[in-house]
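Dumped start_12.cif below, it's mmCIF, C-alpha atoms, pLDDT in the B column; chains and numbers go by the auth columns:
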data_upload
#
loop_
_atom_site.group_PDB
_atom_site.id
_atom_site.type_symbol
_atom_site.label_atom_id
_atom_site.label_comp_id
_atom_site.label_asym_id
_atom_site.label_seq_id
_atom_site.Cartn_x
_atom_site.Cartn_y
_atom_site.Cartn_z
_atom_site.B_iso_or_equiv
_atom_site.auth_seq_id
_atom_site.auth_asym_id
ATOM 1 C CA MET A 1 29.870 -85.380 62.320 34.00 11 A
ATOM 2 C CA PRO A 2 27.587 -85.653 59.278 37.00 12 A
ATOM 3 C CA SER A 3 29.191 -84.322 56.117 37.00 13 A
ATOM 4 C CA ASP A 4 26.434 -81.743 55.514 42.00 14 A
ATOM 5 C CA GLN A 5 27.086 -80.219 58.928 42.00 15 A
ATOM 6 C CA ALA A 6 30.851 -80.247 58.318 40.00 16 A
ATOM 7 C CA ALA A 7 30.291 -78.248 55.120 42.00 17 A
ATOM 8 C CA THR A 8 28.411 -75.508 56.971 51.00 18 A
ATOM 9 C CA ASN A 9 30.345 -75.487 60.241 63.00 19 A
ATOM 10 C CA PRO A 10 34.021 -76.218 59.499 66.00 20 A
ATOM 11 C CA VAL A 11 36.592 -76.580 62.247 76.00 21 A
ATOM 12 C CA PRO A 12 38.580 -73.340 62.458 89.00 22 A
ATOM 13 C CA PHE A 13 42.133 -73.451 61.063 95.00 23 A
ATOM 14 C CA PRO A 14 44.505 -74.134 64.001 97.00 24 A
ATOM 15 C CA LEU A 15 46.390 -71.094 65.238 98.00 25 A
ATOM 16 C CA SER A 16 50.108 -70.992 65.883 98.00 26 A
ATOM 17 C CA ARG A 17 52.834 -68.399 66.289 98.00 27 A
ATOM 18 C CA ALA A 18 54.152 -69.331 62.827 98.00 28 A
ATOM 19 C CA LEU A 19 50.727 -68.809 61.234 98.00 29 A
ATOM 20 C CA LEU A 20 50.072 -65.470 62.935 98.00 30 A
ATOM 21 C CA GLU A 21 53.532 -64.224 61.993 97.00 31 A
ATOM 22 C CA ALA A 22 52.803 -65.206 58.363 98.00 32 A
ATOM 23 C CA VAL A 23 49.571 -63.168 58.508 98.00 33 A
ATOM 24 C CA LEU A 24 51.459 -60.152 59.876 96.00 34 A
ATOM 25 C CA ALA A 25 54.119 -60.574 57.170 94.00 35 A
ATOM 26 C CA ASP A 26 51.365 -60.447 54.489 96.00 36 A
ATOM 27 C CA ARG A 27 52.085 -63.999 53.320 97.00 37 A
ATOM 28 C CA THR A 28 48.393 -65.034 53.097 98.00 38 A
ATOM 29 C CA ASN A 29 45.541 -63.529 51.142 98.00 39 A
ATOM 30 C CA ASP A 30 42.965 -61.361 52.884 98.00 40 A
ATOM 31 C CA ARG A 31 40.175 -63.943 52.595 97.00 41 A
ATOM 32 C CA PHE A 32 42.269 -66.481 54.494 98.00 42 A
ATOM 33 C CA VAL A 33 42.680 -63.949 57.324 98.00 43 A
ATOM 34 C CA CYS A 34 38.901 -63.501 57.447 98.00 44 A
ATOM 35 C CA GLU A 35 38.396 -67.278 57.385 97.00 45 A
ATOM 36 C CA LEU A 36 40.501 -67.513 60.537 98.00 46 A
ATOM 37 C CA ILE A 37 38.008 -65.237 62.296 98.00 47 A
ATOM 38 C CA TRP A 38 34.579 -66.031 60.827 97.00 48 A
ATOM 39 C CA PRO A 39 34.118 -69.503 62.368 97.00 49 A
ATOM 40 C CA ARG A 40 35.442 -68.258 65.703 97.00 50 A
ATOM 41 C CA LEU A 41 32.673 -65.633 65.665 97.00 51 A
ATOM 42 C CA GLY A 42 30.085 -68.296 64.829 96.00 52 A
ATOM 43 C CA TYR A 43 29.731 -67.605 61.106 97.00 53 A
ATOM 44 C CA GLN A 44 28.957 -70.661 59.008 96.00 54 A
ATOM 45 C CA GLN A 45 29.405 -71.506 55.346 93.00 55 A
ATOM 46 C CA ASP A 46 26.151 -71.777 53.437 87.00 56 A
ATOM 47 C CA GLY A 47 27.329 -74.353 50.881 85.00 57 A
ATOM 48 C CA SER A 48 28.139 -71.804 48.178 88.00 58 A
ATOM 49 C CA GLY A 49 31.323 -70.644 49.886 87.00 59 A
ATOM 50 C CA ARG A 50 29.638 -67.662 51.523 94.00 60 A
ATOM 51 C CA TRP A 51 29.688 -67.227 55.282 97.00 61 A
ATOM 52 C CA SER A 52 26.600 -66.095 57.199 97.00 62 A
ATOM 53 C CA ALA A 53 25.912 -65.409 60.854 97.00 63 A
ATOM 54 C CA GLY A 54 24.896 -68.616 62.603 95.00 64 A
ATOM 55 C CA PRO A 55 23.245 -69.483 65.908 95.00 65 A
ATOM 56 C CA GLU A 56 26.616 -69.120 67.712 95.00 66 A
ATOM 57 C CA THR A 57 27.223 -65.618 66.301 97.00 67 A
ATOM 58 C CA GLY A 58 26.773 -62.895 68.890 97.00 68 A
ATOM 59 C CA GLU A 59 23.756 -60.646 68.483 97.00 69 A
ATOM 60 C CA ALA A 60 25.784 -57.499 67.809 97.00 70 A
ATOM 61 C CA TRP A 61 27.746 -59.233 65.035 98.00 71 A
ATOM 62 C CA ARG A 62 24.610 -60.810 63.580 97.00 72 A
ATOM 63 C CA GLN A 63 22.821 -57.461 63.459 97.00 73 A
ATOM 64 C CA SER A 64 25.726 -55.427 62.080 98.00 74 A
ATOM 65 C CA PHE A 65 27.174 -58.049 59.748 98.00 75 A
ATOM 66 C CA PRO A 66 24.676 -60.776 58.787 97.00 76 A
ATOM 67 C CA VAL A 67 27.086 -62.033 56.101 97.00 77 A
ATOM 68 C CA GLU A 68 30.854 -62.423 56.132 97.00 78 A
ATOM 69 C CA PRO A 69 32.367 -59.182 57.438 98.00 79 A
ATOM 70 C CA GLN A 70 35.356 -58.172 55.342 98.00 80 A
ATOM 71 C CA PHE A 71 37.819 -57.407 58.138 98.00 81 A
ATOM 72 C CA ILE A 72 40.644 -56.378 55.820 98.00 82 A
ATOM 73 C CA ALA A 73 38.818 -54.742 52.906 98.00 83 A
ATOM 74 C CA GLU A 74 36.286 -52.701 54.870 98.00 84 A
ATOM 75 C CA ARG A 75 36.824 -50.312 57.751 97.00 85 A
ATOM 76 C CA PRO A 76 33.566 -50.841 59.757 98.00 86 A
ATOM 77 C CA PRO A 77 34.170 -54.568 60.411 98.00 87 A
ATOM 78 C CA SER A 78 37.795 -53.866 61.338 97.00 88 A
ATOM 79 C CA VAL A 79 36.702 -51.168 63.795 97.00 89 A
ATOM 80 C CA ALA A 80 34.117 -53.542 65.296 98.00 90 A
ATOM 81 C CA LEU A 81 36.816 -56.211 65.651 98.00 91 A
ATOM 82 C CA THR A 82 39.119 -53.741 67.433 97.00 92 A
ATOM 83 C CA ARG A 83 36.336 -52.689 69.799 97.00 93 A
ATOM 84 C CA SER A 84 35.501 -56.305 70.613 97.00 94 A
ATOM 85 C CA ILE A 85 38.983 -56.947 72.056 98.00 95 A
ATOM 86 C CA ALA A 86 38.846 -56.776 75.848 97.00 96 A
ATOM 87 C CA LYS A 87 41.075 -54.073 77.355 96.00 97 A
ATOM 88 C CA GLU A 88 43.286 -56.620 79.123 97.00 98 A
ATOM 89 C CA HIS A 89 44.066 -58.248 75.754 97.00 99 A
ATOM 90 C CA LYS A 90 44.858 -55.111 73.709 95.00 100 A
ATOM 91 C CA GLN A 91 48.650 -55.618 74.017 95.00 101 A
ATOM 92 C CA LEU A 92 48.839 -59.326 73.134 96.00 102 A
ATOM 93 C CA LEU A 93 50.501 -58.641 69.780 95.00 103 A
ATOM 94 C CA LYS A 94 53.409 -57.050 71.595 94.00 104 A
ATOM 95 C CA GLU A 95 53.386 -59.366 74.611 95.00 105 A
ATOM 96 C CA GLN A 96 53.064 -62.718 72.822 95.00 106 A
ATOM 97 C CA LEU A 97 54.546 -62.071 69.384 95.00 107 A
ATOM 98 C CA GLY A 98 56.946 -59.232 70.194 93.00 108 A
ATOM 99 C CA PHE A 99 55.281 -57.225 67.417 92.00 109 A
ATOM 100 C CA ALA A 100 56.295 -53.580 67.695 87.00 110 A
ATOM 101 C CA GLY A 101 54.177 -52.451 64.759 86.00 111 A
ATOM 102 C CA TYR A 102 54.905 -51.691 61.166 81.00 112 A
ATOM 103 C CA ARG A 103 57.474 -49.115 60.084 82.00 113 A
ATOM 104 C CA ILE A 104 56.208 -45.824 58.687 81.00 114 A
ATOM 105 C CA GLY A 105 56.742 -46.971 55.080 78.00 115 A
ATOM 106 C CA GLU A 106 54.735 -50.134 55.788 77.00 116 A
ATOM 107 C CA LEU A 107 51.622 -48.455 57.225 82.00 117 A
ATOM 108 C CA TYR A 108 48.825 -49.431 54.878 90.00 118 A
ATOM 109 C CA PRO A 109 45.207 -50.117 55.873 93.00 119 A
ATOM 110 C CA ARG A 110 45.527 -53.750 54.775 95.00 120 A
ATOM 111 C CA ARG A 111 48.487 -54.344 57.063 93.00 121 A
ATOM 112 C CA THR A 112 47.157 -52.476 60.077 94.00 122 A
ATOM 113 C CA ARG A 113 43.881 -54.394 59.744 97.00 123 A
ATOM 114 C CA ARG A 114 45.885 -57.628 59.645 97.00 124 A
ATOM 115 C CA ALA A 115 47.484 -56.617 62.938 96.00 125 A
ATOM 116 C CA THR A 116 43.998 -56.018 64.347 97.00 126 A
ATOM 117 C CA ALA A 117 42.912 -59.460 63.122 98.00 127 A
ATOM 118 C CA VAL A 118 45.924 -61.162 64.719 98.00 128 A
ATOM 119 C CA ASN A 119 45.398 -59.317 67.996 98.00 129 A
ATOM 120 C CA TRP A 120 41.739 -60.393 67.974 98.00 130 A
ATOM 121 C CA LEU A 121 42.762 -64.020 67.358 98.00 131 A
ATOM 122 C CA LEU A 122 45.228 -63.849 70.269 98.00 132 A
ATOM 123 C CA ALA A 123 42.540 -62.305 72.477 98.00 133 A
ATOM 124 C CA ASP A 124 40.086 -65.039 71.467 97.00 134 A
ATOM 125 C CA LEU A 125 42.634 -67.703 72.474 97.00 135 A
ATOM 126 C CA ALA A 126 43.257 -65.921 75.781 97.00 136 A
ATOM 127 C CA GLN A 127 39.533 -65.670 76.542 96.00 137 A
ATOM 128 C CA ARG A 128 39.164 -69.387 75.855 95.00 138 A
ATOM 129 C CA GLY A 129 42.160 -70.145 78.083 96.00 139 A
ATOM 130 C CA GLU A 130 44.005 -71.804 75.193 96.00 140 A
ATOM 131 C CA PRO A 131 47.754 -71.463 74.684 96.00 141 A
ATOM 132 C CA LEU A 132 49.265 -70.313 71.394 97.00 142 A
ATOM 133 C CA ALA A 133 51.118 -73.205 69.756 97.00 143 A
ATOM 134 C CA GLU A 134 54.603 -72.431 68.441 97.00 144 A
ATOM 135 C CA SER A 135 54.009 -74.274 65.186 97.00 145 A
ATOM 136 C CA GLY A 136 51.192 -75.931 63.331 96.00 146 A
ATOM 137 C CA PRO A 137 49.739 -76.323 59.874 97.00 147 A
ATOM 138 C CA LEU A 138 50.285 -73.472 57.451 97.00 148 A
ATOM 139 C CA PRO A 139 48.485 -72.684 54.220 96.00 149 A
ATOM 140 C CA ALA A 140 50.553 -72.353 51.063 96.00 150 A
ATOM 141 C CA LEU A 141 52.383 -69.130 51.868 97.00 151 A
ATOM 142 C CA LEU A 142 52.452 -66.360 49.289 98.00 152 A
ATOM 143 C CA GLU A 143 55.176 -63.889 48.510 97.00 153 A
ATOM 144 C CA GLN A 144 54.507 -60.458 49.943 95.00 154 A
ATOM 145 C CA PRO A 145 52.493 -58.496 47.393 95.00 155 A
ATOM 146 C CA ALA A 146 54.473 -56.228 45.077 93.00 156 A
ATOM 147 C CA ASP A 147 51.954 -53.478 45.872 93.00 157 A
ATOM 148 C CA PRO A 148 50.882 -53.718 49.521 91.00 158 A
ATOM 149 C CA VAL A 149 48.030 -51.297 48.887 91.00 159 A
ATOM 150 C CA GLN A 150 46.484 -53.629 46.286 93.00 160 A
ATOM 151 C CA GLY A 151 47.389 -56.831 48.111 96.00 161 A
ATOM 152 C CA HIS A 152 47.408 -60.282 46.614 97.00 162 A
ATOM 153 C CA PRO A 153 45.576 -61.275 43.413 96.00 163 A
ATOM 154 C CA GLY A 154 41.923 -61.702 44.334 96.00 164 A
ATOM 155 C CA ASP A 155 42.040 -59.494 47.444 97.00 165 A
ATOM 156 C CA LEU A 156 39.111 -57.100 47.625 97.00 166 A
ATOM 157 C CA PRO A 157 39.803 -53.380 47.185 96.00 167 A
ATOM 158 C CA ILE A 158 40.253 -51.465 50.412 95.00 168 A
ATOM 159 C CA SER A 159 37.510 -49.066 51.445 91.00 169 A
#
Written form, structure tokens:
Amino acid sequence: MPSDQAATNPVPFPLSRALLEAVLADRTNDRFVCELIWPRLGYQQDGSGRWSAGPETGEAWRQSFPVEPQFIAERPPSVALTRSIAKEHKQLLKEQLGFAGYRIGELYPRRTRRATAVNWLLADLAQRGEPLAESGPLPALLEQPADPVQGHPGDLPIS
């Protein structure tokens, strides 16, 4: 693959149970979570680090979110992600990861949107007929943020 194409259309980060559990445990920053989804929706990097809808991006996504939807920071992209999960895949968090949800004291928009993101990633794997690996590469994991409402340094404010 030519290097200029690799810069605009990177291979998505491999998914594994360990990675998705780290996302649910708030051990990655919000941008990383989005970067797990953007290439799977057909978004491409433009060379400046920004992601834009590409030729593989579905029409509804392209129209609603022509540039990198902020699935954690903003409610409309998170709602769209939830609605795009096929009914038969809505329970994959529970079925595949045994995730029963967050406790009452842990219910923050950032965390519930992370759960939505992980469920969407599981649904995407299921639709592609791909199994979820038990382990795989992990990014440098972060400590859980001291303030889960604010998130990690550099995370966008929640709206």
Selection in question (the file shown): the PyMOL selection byres ((chain A and resi 118) around 12). Which residues does it include, as an mmCIF file with C-alpha atoms, in the coordinates of the input?
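Dumped everything to out_6.cif:
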data_model
loop_
_atom_site.group_PDB
_atom_site.id
_atom_site.type_symbol
_atom_site.label_atom_id
_atom_site.label_comp_id
_atom_site.auth_asym_id
_atom_site.auth_seq_id
_atom_site.Cartn_x
_atom_site.Cartn_y
_atom_site.Cartn_z
ATOM 1 C CA ASP A 36 51.365 -60.447 54.489
ATOM 2 C CA ILE A 82 40.644 -56.378 55.820
ATOM 3 C CA ALA A 83 38.818 -54.742 52.906
ATOM 4 C CA GLY A 111 54.177 -52.451 64.759
ATOM 5 C CA TYR A 112 54.905 -51.691 61.166
ATOM 6 C CA ARG A 113 57.474 -49.115 60.084
ATOM 7 C CA ILE A 114 56.208 -45.824 58.687
ATOM 8 C CA GLY A 115 56.742 -46.971 55.080
ATOM 9 C CA GLU A 116 54.735 -50.134 55.788
ATOM 10 C CA LEU A 117 51.622 -48.455 57.225
ATOM 11 C CA PRO A 119 45.207 -50.117 55.873
ATOM 12 C CA ARG A 120 45.527 -53.750 54.775
ATOM 13 C CA ARG A 121 48.487 -54.344 57.063
ATOM 14 C CA THR A 122 47.157 -52.476 60.077
ATOM 15 C CA ARG A 123 43.881 -54.394 59.744
ATOM 16 C CA ARG A 124 45.885 -57.628 59.645
ATOM 17 C CA ALA A 125 47.484 -56.617 62.938
ATOM 18 C CA ASP A 157 51.954 -53.478 45.872
ATOM 19 C CA PRO A 158 50.882 -53.718 49.521
ATOM 20 C CA VAL A 159 48.030 -51.297 48.887
ATOM 21 C CA GLN A 160 46.484 -53.629 46.286
ATOM 22 C CA GLY A 161 47.389 -56.831 48.111
ATOM 23 C CA ILE A 168 40.253 -51.465 50.412
ATOM 24 C CA SER A 169 37.510 -49.066 51.445
#
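Note that CA of Gly57 in chain A and CA of Leu151 in chain A are 25.6 Å apart.
Taking CA of Leu29 in chain A and CA of Leu91 in chain A as the two end points, the separation is 19.3 Å.
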query = Using only C-alpha atoms, which of the listed residues (A:Gln73, A:Ser26, A:Gln80, A:Ser58) sits closest to Cys44 in chain A?
reply = A:Gln80
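In this model, the gap between CA of Arg37 in chain A and CA of Leu152 in chain A comes to 4.7 Å.
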ask   = Expanded to explicit residues, what is the PyMOL selection byres ((chain A and resi 47) around 10) for this file, as a PyMOL selection string?
value = chain A and resi 22-23+42-46+48-53+78-79+81+91+127-128+130-131+134
query = Got a sec: who's within 10 Å of range 143-148 of chain A, counting all atoms listed in the file, leaving out chain neighbours fewer than 6 positions off, as an MDAnalysis selection string?
reply = chainID A and resid 23:30 32 38
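Here the question is which of A:Thr126, A:Gln154, A:Gly64, A:Gln55 gets nearest to Arg93 in chain A using only C-alpha atoms, and that residue is A:Thr126.
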inquiry  = Taking the file as I've supplied it (selection: the PyMOL selection byres ((chain A and resi 77) around 8)), which residues are included? Please answer as a PyMOL selection string.
reply    = chain A and resi 53+60-63+72+75-76+78-79
For the residues in the current selection, export C-alpha atoms as a PDB file, keeping the file's coordinate frame.
ATOM      1  CA  TYR A  53      29.731 -67.605  61.106  1.00 97.00           C
ATOM      2  CA  ARG A  60      29.638 -67.662  51.523  1.00 94.00           C
ATOM      3  CA  TRP A  61      29.688 -67.227  55.282  1.00 97.00           C
ATOM      4  CA  SER A  62      26.600 -66.095  57.199  1.00 97.00           C
ATOM      5  CA  ALA A  63      25.912 -65.409  60.854  1.00 97.00           C
ATOM      6  CA  ARG A  72      24.610 -60.810  63.580  1.00 97.00           C
ATOM      7  CA  PHE A  75      27.174 -58.049  59.748  1.00 98.00           C
ATOM      8  CA  PRO A  76      24.676 -60.776  58.787  1.00 97.00           C
ATOM      9  CA  GLU A  78      30.854 -62.423  56.132  1.00 97.00           C
ATOM     10  CA  PRO A  79      32.367 -59.182  57.438  1.00 98.00           C
TER      11      PRO A  79
END
